[in-house]
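Here's coords_3.cif, which has mmCIF, C-alpha atoms and all ligand atoms:
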```cif
data_query
loop_
_atom_site.label_atom_id
_atom_site.label_comp_id
_atom_site.auth_asym_id
_atom_site.auth_seq_id
_atom_site.Cartn_x
_atom_site.Cartn_y
_atom_site.Cartn_z
CA MET A 1 123.95 111.45 81.33
CA LYS A 2 120.92 109.19 81.20
CA ILE A 3 118.70 111.51 83.18
CA LYS A 4 119.66 114.54 81.11
CA GLN A 5 118.67 112.58 78.03
CA PHE A 6 115.24 111.87 79.53
CA LEU A 7 114.73 115.49 80.40
CA SER A 8 115.98 117.12 77.27
CA THR A 9 114.05 114.91 74.88
CA LYS A 10 110.51 116.12 74.49
CA ASN A 11 109.41 113.13 72.41
CA ILE A 12 109.22 110.75 75.38
CA ILE A 13 112.03 108.26 75.66
CA SER A 14 110.41 105.19 77.13
CA THR A 15 111.88 103.91 80.37
CA ARG A 16 110.29 100.55 79.65
CA ASN A 17 113.41 98.90 78.29
CA TYR A 18 115.75 100.70 80.59
CA SER A 19 116.17 99.55 84.15
CA LEU A 20 116.16 102.44 86.61
CA LYS A 21 118.13 102.19 89.85
CA VAL A 22 117.01 104.24 92.81
CA LEU A 23 118.54 104.68 96.25
CA GLY A 24 115.87 104.84 98.97
CA ILE A 25 116.28 106.37 102.44
CA GLU A 26 113.78 105.84 105.29
CA THR A 27 114.11 107.54 108.70
CA SER A 28 110.53 108.38 109.69
CA CYS A 29 110.69 106.63 113.05
CA ASP A 30 113.24 104.42 114.78
CA ASP A 31 114.48 102.40 111.79
CA THR A 32 117.43 103.74 109.84
CA ALA A 33 116.96 102.07 106.45
CA VAL A 34 118.65 102.34 103.07
CA ALA A 35 118.09 100.26 99.92
CA ILE A 36 118.84 100.20 96.22
CA VAL A 37 116.05 98.86 94.04
CA SER A 38 115.74 98.58 90.26
CA SER A 39 112.68 99.09 88.10
CA ASP A 40 112.75 95.42 87.09
CA ARG A 41 111.75 94.72 90.70
CA LYS A 42 115.13 93.65 92.02
CA ILE A 43 116.26 94.56 95.50
CA LEU A 44 119.95 95.13 94.82
CA ALA A 45 120.81 96.02 98.41
CA ALA A 46 118.89 96.64 101.63
CA GLU A 47 120.21 97.64 105.04
CA ARG A 48 118.39 98.47 108.24
CA TYR A 49 119.56 99.50 111.68
CA THR A 50 117.31 99.74 114.72
CA GLU A 51 117.64 99.84 118.48
CA ARG A 52 113.96 99.14 119.05
CA GLU A 53 114.45 96.78 121.97
CA ILE A 54 116.77 99.21 123.77
CA GLN A 55 114.35 102.09 123.23
CA ARG A 56 111.40 99.97 124.30
CA LYS A 57 113.16 99.03 127.52
CA GLN A 58 113.76 102.72 128.13
CA GLY A 59 110.01 103.26 128.03
CA GLY A 60 109.27 104.06 124.38
CA ILE A 61 110.57 105.80 121.33
CA ASN A 62 112.58 108.95 121.95
CA PRO A 63 112.66 111.16 118.82
CA SER A 64 116.03 112.75 119.53
CA VAL A 65 117.62 109.34 120.14
CA CYS A 66 116.19 108.22 116.77
CA ALA A 67 117.57 111.32 115.04
CA GLN A 68 121.00 110.75 116.56
CA GLN A 69 120.91 107.10 115.43
CA HIS A 70 120.02 108.10 111.85
CA ARG A 71 122.79 110.73 111.75
CA GLN A 72 125.32 108.23 112.98
CA HIS A 73 124.34 105.26 110.81
CA LEU A 74 123.09 106.65 107.49
CA PRO A 75 126.52 107.31 105.87
CA GLY A 76 127.73 103.78 106.64
CA LEU A 77 124.48 102.15 105.44
CA ILE A 78 124.57 104.11 102.17
CA GLU A 79 128.17 103.01 101.57
CA LYS A 80 127.29 99.40 102.41
CA CYS A 81 124.32 99.40 99.99
CA LEU A 82 126.40 100.83 97.15
CA SER A 83 129.03 98.19 97.76
CA ASP A 84 126.51 95.30 98.11
CA ALA A 85 124.76 96.37 94.91
CA GLY A 86 128.11 96.76 93.13
CA THR A 87 126.90 100.21 92.04
CA SER A 88 128.61 103.57 91.98
CA PRO A 89 126.55 106.71 92.67
CA LYS A 90 126.83 107.67 88.99
CA GLU A 91 125.02 104.51 87.97
CA LEU A 92 122.01 105.52 90.04
CA ASP A 93 119.07 107.37 88.49
CA ALA A 94 117.66 109.10 91.57
CA VAL A 95 117.48 109.28 95.35
CA ALA A 96 114.10 108.78 97.05
CA VAL A 97 113.52 109.82 100.64
CA THR A 98 110.60 109.71 103.10
CA VAL A 99 109.51 113.28 103.88
CA THR A 100 106.19 112.66 105.68
CA PRO A 101 104.50 111.52 107.94
CA GLY A 102 106.73 110.72 110.91
CA LEU A 103 108.85 112.16 113.67
CA VAL A 104 109.99 115.50 112.30
CA ILE A 105 113.52 115.48 113.68
CA ALA A 106 114.01 111.90 112.53
CA LEU A 107 112.68 112.65 109.01
CA LYS A 108 115.02 115.65 108.80
CA GLU A 109 118.09 113.43 109.10
CA GLY A 110 117.07 111.32 106.10
CA ILE A 111 116.13 114.40 104.12
CA SER A 112 119.43 116.12 104.74
CA ALA A 113 121.44 112.98 103.85
CA ALA A 114 119.38 112.59 100.64
CA ILE A 115 119.86 116.24 99.65
CA LYS A 116 123.60 115.99 100.20
CA PHE A 117 123.85 112.77 98.19
CA ALA A 118 121.66 114.00 95.31
CA ARG A 119 123.51 117.29 95.02
CA SER A 120 126.97 115.81 95.14
CA HIS A 121 126.16 113.13 92.56
CA ASN A 122 123.93 115.24 90.35
CA LEU A 123 120.86 113.06 90.85
CA PRO A 124 117.14 113.87 90.97
CA LEU A 125 115.55 113.86 94.44
CA ILE A 126 112.18 112.15 94.95
CA PRO A 127 110.14 113.07 98.08
CA VAL A 128 108.12 110.04 99.21
CA HIS A 129 105.04 109.72 101.44
CA HIS A 130 105.69 106.96 103.98
CA MET A 131 102.14 105.55 104.07
CA ARG A 132 101.83 105.49 100.29
CA ALA A 133 105.12 103.63 100.18
CA HIS A 134 103.69 101.07 102.64
CA ALA A 135 100.66 100.57 100.39
CA LEU A 136 102.69 100.42 97.17
CA SER A 137 105.40 98.06 98.45
CA ILE A 138 103.32 95.07 97.29
CA LEU A 139 103.91 96.16 93.67
CA LEU A 140 107.59 95.36 94.15
CA ILE A 141 106.84 91.68 94.44
CA ASP A 142 103.36 90.99 93.07
CA GLU A 143 102.69 91.66 89.43
CA SER A 144 99.02 90.78 89.75
CA ILE A 145 98.14 93.99 91.59
CA ARG A 146 96.30 96.59 89.52
CA PHE A 147 95.20 100.13 90.28
CA PRO A 148 92.78 100.92 91.76
CA PHE A 149 93.17 98.67 94.79
CA SER A 150 92.00 99.03 98.38
CA THR A 151 94.51 99.06 101.17
CA LEU A 152 94.23 98.34 104.88
CA LEU A 153 97.32 99.37 106.83
CA LEU A 154 97.57 98.20 110.44
CA SER A 155 100.67 98.81 112.49
CA GLY A 156 102.11 100.11 115.73
CA GLY A 157 101.69 103.66 114.46
CA HIS A 158 98.54 103.69 112.36
CA ALA A 159 95.38 102.10 111.02
CA LEU A 160 93.75 103.26 107.82
CA ILE A 161 91.53 102.20 104.96
CA ALA A 162 92.26 103.82 101.59
CA VAL A 163 92.07 103.27 97.85
CA ALA A 164 95.22 103.65 95.76
CA GLU A 165 94.11 104.96 92.38
CA SER A 166 97.68 105.49 91.18
CA GLU A 167 101.16 105.96 92.65
CA GLU A 168 100.22 109.43 93.83
CA ILE A 169 96.46 109.51 93.97
CA PHE A 170 95.00 108.01 97.11
CA LYS A 171 91.57 108.37 98.68
CA LEU A 172 91.38 108.09 102.45
CA TYR A 173 88.11 106.54 103.64
CA GLY A 174 88.86 106.14 107.33
CA GLU A 175 91.61 105.94 109.91
CA SER A 176 92.17 105.58 113.61
CA ILE A 177 91.28 108.79 115.38
CA SER A 178 93.14 107.66 118.49
CA GLY A 179 95.82 104.99 118.93
CA SER A 180 96.77 102.06 116.74
CA PRO A 181 96.04 98.31 116.85
CA GLY A 182 99.72 97.42 117.40
CA GLU A 183 100.20 99.83 120.29
CA CYS A 184 96.89 98.72 121.83
CA ILE A 185 97.87 95.04 121.77
CA ASP A 186 101.43 95.75 122.98
CA LYS A 187 100.30 97.92 125.89
CA VAL A 188 97.65 95.47 127.13
CA ALA A 189 100.16 92.61 126.78
CA ARG A 190 102.67 94.54 128.90
CA HIS A 191 99.98 95.11 131.51
CA LEU A 192 99.28 91.38 131.62
CA GLY A 193 102.78 90.97 133.07
CA THR A 194 105.45 88.43 132.19
CA LEU A 195 104.12 86.25 129.44
CA GLY A 196 106.93 83.69 129.76
CA SER A 197 110.54 83.35 128.61
CA GLU A 198 109.44 81.62 125.39
CA PHE A 199 108.33 85.09 124.20
CA ASP A 200 111.59 86.91 124.89
CA GLY A 201 112.73 88.89 121.87
CA ILE A 202 109.50 88.60 119.88
CA HIS A 203 106.86 91.30 119.33
CA SER A 204 104.23 91.35 122.08
CA GLY A 205 101.72 91.19 119.22
CA SER A 206 102.92 87.74 118.19
CA ALA A 207 103.06 86.65 121.83
CA VAL A 208 99.38 87.59 122.16
CA GLU A 209 98.59 85.67 118.97
CA ILE A 210 100.37 82.52 120.18
CA LEU A 211 98.75 82.68 123.63
CA ALA A 212 95.33 83.28 122.07
CA SER A 213 95.76 80.14 119.98
CA ARG A 214 95.94 78.22 123.30
CA SER A 215 92.67 79.63 124.60
CA SER A 216 89.59 77.60 125.47
CA GLU A 217 86.93 77.12 122.79
CA SER A 218 84.92 80.17 123.76
CA GLY A 219 87.88 82.01 125.30
CA HIS A 220 87.55 84.80 122.76
CA LEU A 221 84.17 85.67 124.32
CA ARG A 222 85.23 85.41 127.95
CA TYR A 223 86.44 89.00 128.42
CA PRO A 224 84.11 91.15 126.32
CA ILE A 225 84.13 94.95 126.18
CA SER A 226 81.90 97.16 124.08
CA LEU A 227 83.27 98.19 120.70
CA PRO A 228 84.05 101.90 120.23
CA HIS A 229 81.40 103.95 118.46
CA VAL A 230 83.27 105.96 115.87
CA GLU A 231 81.82 107.69 112.86
CA LYS A 232 81.76 105.84 109.54
CA VAL A 233 85.01 104.01 108.77
CA ASN A 234 87.11 105.67 111.48
CA MET A 235 88.52 103.56 114.32
CA ASN A 236 89.60 104.09 117.92
CA PHE A 237 92.16 101.72 119.41
CA ASP A 238 92.91 103.83 122.47
CA GLN A 239 89.37 103.17 123.63
CA ILE A 240 89.81 99.40 123.29
CA LYS A 241 93.15 99.65 125.09
CA GLY A 242 91.61 101.70 127.93
CA SER A 243 88.70 99.29 128.35
CA TYR A 244 91.02 96.28 128.61
CA LEU A 245 93.39 98.01 131.01
CA ASN A 246 90.42 98.93 133.24
CA LEU A 247 89.03 95.42 133.01
CA LEU A 248 92.39 93.96 134.09
CA ASP A 249 92.58 96.35 137.03
CA ARG A 250 89.04 95.44 138.10
CA ILE A 251 89.74 91.70 137.93
CA ARG A 252 92.93 92.11 139.95
CA LYS A 253 91.31 94.36 142.54
CA ASN A 254 88.72 91.65 143.09
CA GLY A 255 91.57 89.23 143.75
CA GLU A 256 90.60 87.04 140.78
CA ASP A 257 93.03 85.29 138.45
CA VAL A 258 93.24 86.24 134.81
CA ASP A 259 93.17 83.42 132.30
CA ILE A 260 95.93 84.76 130.06
CA PRO A 261 95.20 82.74 126.88
CA ASP A 262 91.48 83.58 127.09
CA PHE A 263 92.27 87.21 127.80
CA CYS A 264 94.58 87.40 124.77
CA ALA A 265 91.95 85.67 122.62
CA SER A 266 89.31 88.18 123.73
CA LEU A 267 91.57 91.15 123.06
CA GLN A 268 92.52 89.81 119.63
CA ASN A 269 88.89 89.10 118.78
CA THR A 270 87.77 92.59 119.86
CA VAL A 271 90.47 94.32 117.80
CA THR A 272 89.54 92.14 114.82
CA ARG A 273 85.80 92.83 115.17
CA HIS A 274 86.42 96.56 115.30
CA ILE A 275 88.52 96.44 112.11
CA ALA A 276 86.11 94.04 110.37
CA THR A 277 83.06 96.18 111.20
CA LYS A 278 84.73 99.22 109.65
CA LEU A 279 86.04 97.35 106.63
CA HIS A 280 82.55 95.97 106.03
CA CYS A 281 81.10 99.49 106.13
CA PHE A 282 83.72 100.59 103.58
CA TYR A 283 82.96 97.61 101.30
CA ASP A 284 79.23 98.09 101.58
CA SER A 285 79.43 101.82 100.79
CA LEU A 286 81.66 101.44 97.73
CA SER A 287 79.84 98.45 96.33
CA ALA A 288 76.56 100.38 96.59
CA GLU A 289 78.05 102.72 94.00
CA ASP A 290 79.71 99.89 92.08
CA ARG A 291 83.10 101.40 92.84
CA LEU A 292 84.65 98.72 94.99
CA PRO A 293 88.10 97.53 93.78
CA GLY A 294 88.47 93.76 93.53
CA GLN A 295 91.73 93.60 95.50
CA LEU A 296 92.57 94.50 99.08
CA VAL A 297 96.24 94.83 100.02
CA ILE A 298 96.89 94.49 103.72
CA GLY A 299 100.13 95.64 105.30
CA GLY A 300 101.79 96.85 108.49
CA GLY A 301 103.22 94.78 111.36
CA VAL A 302 99.78 93.78 112.69
CA ALA A 303 98.96 92.14 109.33
CA ALA A 304 101.37 89.41 110.46
CA ASN A 305 98.60 88.23 112.78
CA ARG A 306 97.04 85.14 111.22
CA TYR A 307 93.75 85.45 113.12
CA ILE A 308 93.25 89.05 111.96
CA PHE A 309 94.34 88.22 108.42
CA ASP A 310 92.03 85.18 108.19
CA ALA A 311 89.05 87.18 109.45
CA ILE A 312 89.70 89.98 106.96
CA SER A 313 90.19 87.53 104.09
CA LYS A 314 86.92 85.80 104.95
CA LEU A 315 85.02 89.09 105.14
CA SER A 316 86.62 90.31 101.89
CA ALA A 317 85.71 87.08 100.11
CA ALA A 318 82.09 87.60 101.18
CA HIS A 319 82.28 90.92 99.33
CA SER A 320 84.02 89.28 96.31
CA VAL A 321 87.29 91.01 97.13
CA SER A 322 90.57 89.10 97.14
CA THR A 323 93.02 89.81 99.96
CA ILE A 324 96.75 90.07 99.39
CA ARG A 325 99.11 90.28 102.32
CA THR A 326 102.31 92.27 102.01
CA PRO A 327 105.18 89.93 102.92
CA LEU A 328 106.50 90.47 106.43
CA SER A 329 109.89 91.73 105.28
CA LEU A 330 108.09 94.63 103.60
CA CYS A 331 105.42 95.13 106.28
CA THR A 332 107.72 96.77 108.79
CA ASP A 333 109.42 100.08 108.01
CA ASN A 334 111.97 99.59 105.23
CA ALA A 335 113.73 101.52 102.49
CA GLU A 336 112.88 99.11 99.65
CA MET A 337 109.33 100.49 99.63
CA VAL A 338 110.67 104.06 99.50
CA ALA A 339 113.04 103.31 96.61
CA TYR A 340 110.33 101.48 94.65
CA THR A 341 107.76 104.22 95.22
CA GLY A 342 110.46 106.59 93.91
CA ILE A 343 110.78 104.43 90.79
CA LEU A 344 107.02 104.49 90.18
CA MET A 345 106.98 108.28 90.61
CA TYR A 346 109.97 108.64 88.29
CA GLN A 347 108.33 106.51 85.60
CA ASN A 348 105.26 108.72 85.82
CA ARG A 349 107.27 111.95 85.74
CA SER A 350 105.83 113.04 89.09
CA LYS A 351 105.58 116.79 89.54
CA SER A 352 107.03 116.46 93.04
CA ILE A 353 110.41 115.28 91.76
CA LEU A 354 113.27 117.77 92.02
CA TRP A 355 114.98 116.81 88.80
CA THR A 356 118.16 118.85 88.88
CA PRO A 357 120.54 119.97 91.66
CA GLU A 358 119.56 123.64 91.16
CA LYS A 359 115.95 122.70 91.94
CA ILE A 360 116.90 120.98 95.20
CA PRO A 361 116.48 123.41 98.12
CA ASP A 362 118.72 123.45 101.19
CA THR A 363 116.00 121.69 103.09
CA ILE A 364 112.61 120.08 102.44
CA TYR A 365 109.70 120.49 104.84
CA ALA A 366 109.34 117.38 107.00
CA ASP A 367 105.67 117.14 107.94
CA ALA A 368 104.61 115.07 110.95
CA ARG A 369 101.10 114.34 109.63
CA THR A 370 100.24 114.52 105.97
CA PRO A 371 97.22 112.36 105.13
CA ILE A 372 97.75 109.57 102.60
CA GLY A 373 95.30 111.23 100.23
CA LEU A 374 92.06 113.12 99.79
CA ASN A 375 89.47 112.62 102.49
CA ALA A 376 86.74 110.54 100.84
CA SER A 377 84.65 109.82 103.94
CA SER A 378 81.68 111.55 102.30
CA GLU A 379 81.42 108.48 100.02
CA ILE A 380 80.81 106.29 103.08
CA LEU A 381 77.22 105.57 104.08
CA ASP A 382 76.23 106.70 107.58
CA GLN A 383 75.37 103.12 108.19
CA PRO A 384 75.90 100.08 106.00
CA ARG A 385 72.92 98.67 104.11
CA ARG A 386 73.49 95.32 105.80
CA GLN A 387 74.92 94.85 109.24
CA LEU A 388 77.86 92.47 109.60
CA VAL A 389 77.20 89.80 112.22
CA ASN A 390 80.66 90.34 113.51
CA SER A 391 80.75 87.24 115.70
CA THR A 392 80.99 85.31 112.42
CA ILE A 393 84.51 86.56 111.74
CA HIS A 394 85.73 83.96 114.26
CA GLY A 395 86.84 80.49 113.19
CA ASN A 396 85.31 78.62 110.30
CA GLU A 397 81.84 80.07 110.57
CA ALA A 398 80.58 81.58 107.32
CA ILE A 399 80.25 85.37 107.31
CA ARG A 400 76.66 86.47 107.84
CA PHE A 401 74.95 89.78 107.31
CA ARG A 402 71.64 91.08 108.64
CA ASN A 403 69.39 93.51 107.07
CA PHE A 404 69.72 96.63 109.22
CA ASP A 405 66.07 96.85 110.28
CA ASN A 406 65.98 93.23 111.40
CA PHE A 407 69.13 93.86 113.31
CA ARG A 408 67.70 96.85 115.13
CA ASN A 409 64.54 95.01 116.07
CA LYS A 410 66.45 92.12 117.65
O1 LIG A 501 104.55 98.14 111.13
P1 LIG A 501 105.33 97.78 112.35
O2 LIG A 501 106.43 96.79 112.23
O3 LIG A 501 106.02 99.01 113.00
C1 LIG A 501 105.53 100.23 113.29
O4 LIG A 501 104.36 100.36 113.63
O5 LIG A 501 106.37 101.13 113.26
O6 LIG A 501 104.28 97.27 113.43
C2 LIG A 501 104.73 96.85 114.69
C3 LIG A 501 103.50 96.41 115.44
C4 LIG A 501 103.81 96.16 116.90
O7 LIG A 501 102.87 96.83 117.68
C5 LIG A 501 103.67 94.66 117.02
O8 LIG A 501 103.26 94.20 118.28
C6 LIG A 501 102.64 94.35 115.98
O9 LIG A 501 102.98 95.20 114.90
N1 LIG A 501 102.69 92.95 115.60
C7 LIG A 501 101.65 92.12 115.77
C8 LIG A 501 102.09 90.85 115.36
N2 LIG A 501 103.38 90.95 114.95
C9 LIG A 501 103.73 92.26 115.10
N3 LIG A 501 100.41 92.35 116.23
C10 LIG A 501 99.56 91.31 116.28
N4 LIG A 501 99.91 90.05 115.92
C11 LIG A 501 101.15 89.77 115.45
N5 LIG A 501 101.46 88.54 115.10
ZN ZN A 502 105.58 102.62 108.83
#
```
Show this structure as structure tokens.
Ligand code: KG4
Ligand code: ZN
Amino acid sequence: MKIKQFLSTKNIISTRNYSLKVLGIETSCDDTAVAIVSSDRKILAAERYTEREIQRKQGGINPSVCAQQHRQHLPGLIEKCLSDAGTSPKELDAVAVTVTPGLVIALKEGISAAIKFARSHNLPLIPVHHMRAHALSILLIDESIRFPFSTLLLSGGHALIAVAESEEIFKLYGESISGSPGECIDKVARHLGTLGSEFDGIHSGSAVEILASRSSESGHLRYPISLPHVEKVNMNFDQIKGSYLNLLDRIRKNGEDVDIPDFCASLQNTVTRHIATKLHCFYDSLSAEDRLPGQLVIGGGVAANRYIFDAISKLSAAHSVSTIRTPLSLCTDNAEMVAYTGILMYQNRSKSILWTPEKIPDTIYADARTPIGLNASSEILDQPRRQLVNSTIHGNEAIRFRNFDNFRNK
């Protein structure tokens, strides 16, 4: 067998001319996803099943409903992928599965399906970190990306700023200590009430973006709140959410009308300023040491937001960093990113890989919260050398910085 050959031959057999095929399984939250990807960057098959809308209507994600969904749908999705890819299990080189972070009982379903499949087809099993897979998914489609690169992940479940030094070495510089930008925007949008039938079936996040684009010229400044004070590069979206929910309640109690487009524009601008302020602090700290990577990869569902993306690109350009957005199909939870991360780990002979069936235990620990990498917040300055004038992230205005002392004296 191919894999046996790789293992038994000490004098490295290069995988460079040989295309690996890996089956990926993702069940960390409410998406049941399976894909087969090859090392020459081809997505041979990809399937996803989700009941997000149903769960949302029932008031949010229920972990045991997710687990039940994964158990029910995984076997069929695996079969479908094998058939779509025209591949038999013996032609595969490994199975990669998300083991952390996520909903433990949901992760366990993917893990147990992967163990069963790997054992019965004599394949190596590759445990994958969900957030690393999000960051690395860009490598599946963009050959220009080089390690080390910075990554900003913004979604309904998380917000973080990290540097990917290799497939398995990540440094975490900051993350949200409470809430996420996606959940914050969604919850405030729900509180605003019915946004109109034109938004049925689309993410509340995109509804907010569309409404904000219809705001008045200074609508983004009409409903200001103070930005959360969080140490260094950490963020706090629950605080922004709470402030906007309180503001809405106050306006309504006073019997005033809310200008929905202006409200959405203000919310979007506040979320963007919070992210931009933190990203600037990260850039400023690493460039002080001449350690700032030249590329920033941005991913997660919230990266779909053009306003946020444009602001981050503009800020990055001011720091001589180019911004690359993960395509939307790979931004949301998917199994292609898990399979491709598995391929990268395989090519680098990762120590985490369970190469043979005897090495595969009956179960693998599913951890709810494993950080993406080593905590590197000590490399972040307590305050940036220059303060970002964060009003300049809006529109076409050029990014401006102020020397910190001048800023304080203003
Ligand atoms: O990464 P993702 O698809 O899923 C998880 O977090 O699991 O992110 C979904 C989040 C939702 O909160 C959604 O409202 C938000 O991404 N989102 C957006 C936009 N499109 C999706 N937020 C702001 N602007 C958008 N255009
Ligand atoms: Zn995710």
Which residues come within 12 Å of Phe117 of chain A, counting only C-alpha atoms, excluding same-chain residues fewer than 6 positions away, as a list of chain:residue names? A:Leu23, A:Gly24, A:Ile25, A:Leu74, A:Pro75, A:Ile78, A:Glu79, A:Pro89, A:Lys90, A:Leu92, A:Ala94, A:Val95, A:Ala96, A:Val97, A:Gly110, A:Ile111, A:Leu123, A:Pro124, A:Leu125, A:Pro357, A:Ile360
Report as a tab-separated table the residues of chain A within 8 Å of ligand ZN 502 (chain A), each with its shortest atom pair and distance in Å (one decimal), using only C-alpha atoms and all ligand atoms, ordered by chain and increasing residue number.
```
residue	atom	partner	partner_atom	distance
A:Ser28	CA	A:ZN502	ZN	7.6
A:Cys29	CA	A:ZN502	ZN	7.7
A:His130	CA	A:ZN502	ZN	6.5
A:Met131	CA	A:ZN502	ZN	6.6
A:His134	CA	A:ZN502	ZN	6.7
A:Ser155	CA	A:ZN502	ZN	7.2
A:Gly157	CA	A:ZN502	ZN	6.9
A:His158	CA	A:ZN502	ZN	7.9
A:Gly300	CA	A:ZN502	ZN	6.9
A:Cys331	CA	A:ZN502	ZN	7.9
A:Thr332	CA	A:ZN502	ZN	6.2
A:Asp333	CA	A:ZN502	ZN	4.7
A:Asn334	CA	A:ZN502	ZN	7.9
```
Out of A:Ile61, A:Ala366, A:Ile169, A:Cys281, which residue has the shortest atom-to-atom distance to ligand LIG 501 (chain A) when counting all atoms listed in the file?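 Looking only at the distances to ligand LIG 501 (chain A), the closest residue turns out to be A:Ile61.
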Proximity of chain A to ligand LIG 501 (chain A): per-residue shortest pair, 10 Å limit, only C-alpha atoms and all ligand atoms, as JSON lines:
```
{"residue": "A:Ser28", "atom": "CA", "partner": "A:LIG501", "partner_atom": "O5", "distance": 9.1}
{"residue": "A:Cys29", "atom": "CA", "partner": "A:LIG501", "partner_atom": "O5", "distance": 7.0}
{"residue": "A:Asp30", "atom": "CA", "partner": "A:LIG501", "partner_atom": "O5", "distance": 7.8}
{"residue": "A:Asp31", "atom": "CA", "partner": "A:LIG501", "partner_atom": "O5", "distance": 8.3}
{"residue": "A:Arg52", "atom": "CA", "partner": "A:LIG501", "partner_atom": "O5", "distance": 9.8}
{"residue": "A:Gly102", "atom": "CA", "partner": "A:LIG501", "partner_atom": "O5", "distance": 9.9}
{"residue": "A:His134", "atom": "CA", "partner": "A:LIG501", "partner_atom": "O1", "distance": 9.0}
{"residue": "A:Leu153", "atom": "CA", "partner": "A:LIG501", "partner_atom": "O1", "distance": 8.5}
{"residue": "A:Leu154", "atom": "CA", "partner": "A:LIG501", "partner_atom": "O1", "distance": 7.0}
{"residue": "A:Ser155", "atom": "CA", "partner": "A:LIG501", "partner_atom": "O6", "distance": 4.0}
{"residue": "A:Gly156", "atom": "CA", "partner": "A:LIG501", "partner_atom": "O4", "distance": 3.1}
{"residue": "A:Gly157", "atom": "CA", "partner": "A:LIG501", "partner_atom": "O4", "distance": 4.3}
{"residue": "A:His158", "atom": "CA", "partner": "A:LIG501", "partner_atom": "O4", "distance": 6.8}
{"residue": "A:Ala159", "atom": "CA", "partner": "A:LIG501", "partner_atom": "O4", "distance": 9.5}
{"residue": "A:Ser180", "atom": "CA", "partner": "A:LIG501", "partner_atom": "O7", "distance": 8.1}
{"residue": "A:Pro181", "atom": "CA", "partner": "A:LIG501", "partner_atom": "O7", "distance": 7.0}
{"residue": "A:Gly182", "atom": "CA", "partner": "A:LIG501", "partner_atom": "O7", "distance": 3.2}
{"residue": "A:Glu183", "atom": "CA", "partner": "A:LIG501", "partner_atom": "O7", "distance": 4.8}
{"residue": "A:Cys184", "atom": "CA", "partner": "A:LIG501", "partner_atom": "O7", "distance": 7.5}
{"residue": "A:Ile185", "atom": "CA", "partner": "A:LIG501", "partner_atom": "O8", "distance": 6.5}
{"residue": "A:Asp186", "atom": "CA", "partner": "A:LIG501", "partner_atom": "O8", "distance": 5.3}
{"residue": "A:Lys187", "atom": "CA", "partner": "A:LIG501", "partner_atom": "O7", "distance": 8.7}
{"residue": "A:Ala189", "atom": "CA", "partner": "A:LIG501", "partner_atom": "O8", "distance": 9.2}
{"residue": "A:Ile202", "atom": "CA", "partner": "A:LIG501", "partner_atom": "N2", "distance": 8.2}
{"residue": "A:His203", "atom": "CA", "partner": "A:LIG501", "partner_atom": "O8", "distance": 4.7}
{"residue": "A:Ser204", "atom": "CA", "partner": "A:LIG501", "partner_atom": "O8", "distance": 4.8}
{"residue": "A:Gly205", "atom": "CA", "partner": "A:LIG501", "partner_atom": "N3", "distance": 3.5}
{"residue": "A:Ser206", "atom": "CA", "partner": "A:LIG501", "partner_atom": "N5", "distance": 3.5}
{"residue": "A:Ala207", "atom": "CA", "partner": "A:LIG501", "partner_atom": "N5", "distance": 7.2}
{"residue": "A:Val208", "atom": "CA", "partner": "A:LIG501", "partner_atom": "N4", "distance": 6.7}
{"residue": "A:Glu209", "atom": "CA", "partner": "A:LIG501", "partner_atom": "N4", "distance": 5.5}
{"residue": "A:Ile210", "atom": "CA", "partner": "A:LIG501", "partner_atom": "N5", "distance": 8.0}
{"residue": "A:Gln268", "atom": "CA", "partner": "A:LIG501", "partner_atom": "C10", "distance": 7.9}
{"residue": "A:Val271", "atom": "CA", "partner": "A:LIG501", "partner_atom": "C10", "distance": 9.7}
{"residue": "A:Gly299", "atom": "CA", "partner": "A:LIG501", "partner_atom": "O1", "distance": 7.7}
{"residue": "A:Gly300", "atom": "CA", "partner": "A:LIG501", "partner_atom": "O1", "distance": 4.0}
{"residue": "A:Gly301", "atom": "CA", "partner": "A:LIG501", "partner_atom": "O6", "distance": 3.4}
{"residue": "A:Val302", "atom": "CA", "partner": "A:LIG501", "partner_atom": "N3", "distance": 3.9}
{"residue": "A:Ala303", "atom": "CA", "partner": "A:LIG501", "partner_atom": "C8", "distance": 6.9}
{"residue": "A:Ala304", "atom": "CA", "partner": "A:LIG501", "partner_atom": "N5", "distance": 4.7}
{"residue": "A:Asn305", "atom": "CA", "partner": "A:LIG501", "partner_atom": "N5", "distance": 3.7}
{"residue": "A:Arg306", "atom": "CA", "partner": "A:LIG501", "partner_atom": "N5", "distance": 6.8}
{"residue": "A:Tyr307", "atom": "CA", "partner": "A:LIG501", "partner_atom": "N4", "distance": 8.2}
{"residue": "A:Ile308", "atom": "CA", "partner": "A:LIG501", "partner_atom": "N4", "distance": 7.8}
{"residue": "A:Phe309", "atom": "CA", "partner": "A:LIG501", "partner_atom": "N4", "distance": 9.5}
{"residue": "A:Leu328", "atom": "CA", "partner": "A:LIG501", "partner_atom": "O2", "distance": 8.6}
{"residue": "A:Ser329", "atom": "CA", "partner": "A:LIG501", "partner_atom": "O2", "distance": 9.3}
{"residue": "A:Leu330", "atom": "CA", "partner": "A:LIG501", "partner_atom": "O1", "distance": 9.0}
{"residue": "A:Cys331", "atom": "CA", "partner": "A:LIG501", "partner_atom": "O1", "distance": 5.8}
{"residue": "A:Thr332", "atom": "CA", "partner": "A:LIG501", "partner_atom": "O2", "distance": 3.7}
{"residue": "A:Asp333", "atom": "CA", "partner": "A:LIG501", "partner_atom": "O1", "distance": 6.1}
{"residue": "A:Asn334", "atom": "CA", "partner": "A:LIG501", "partner_atom": "O2", "distance": 9.4}
```
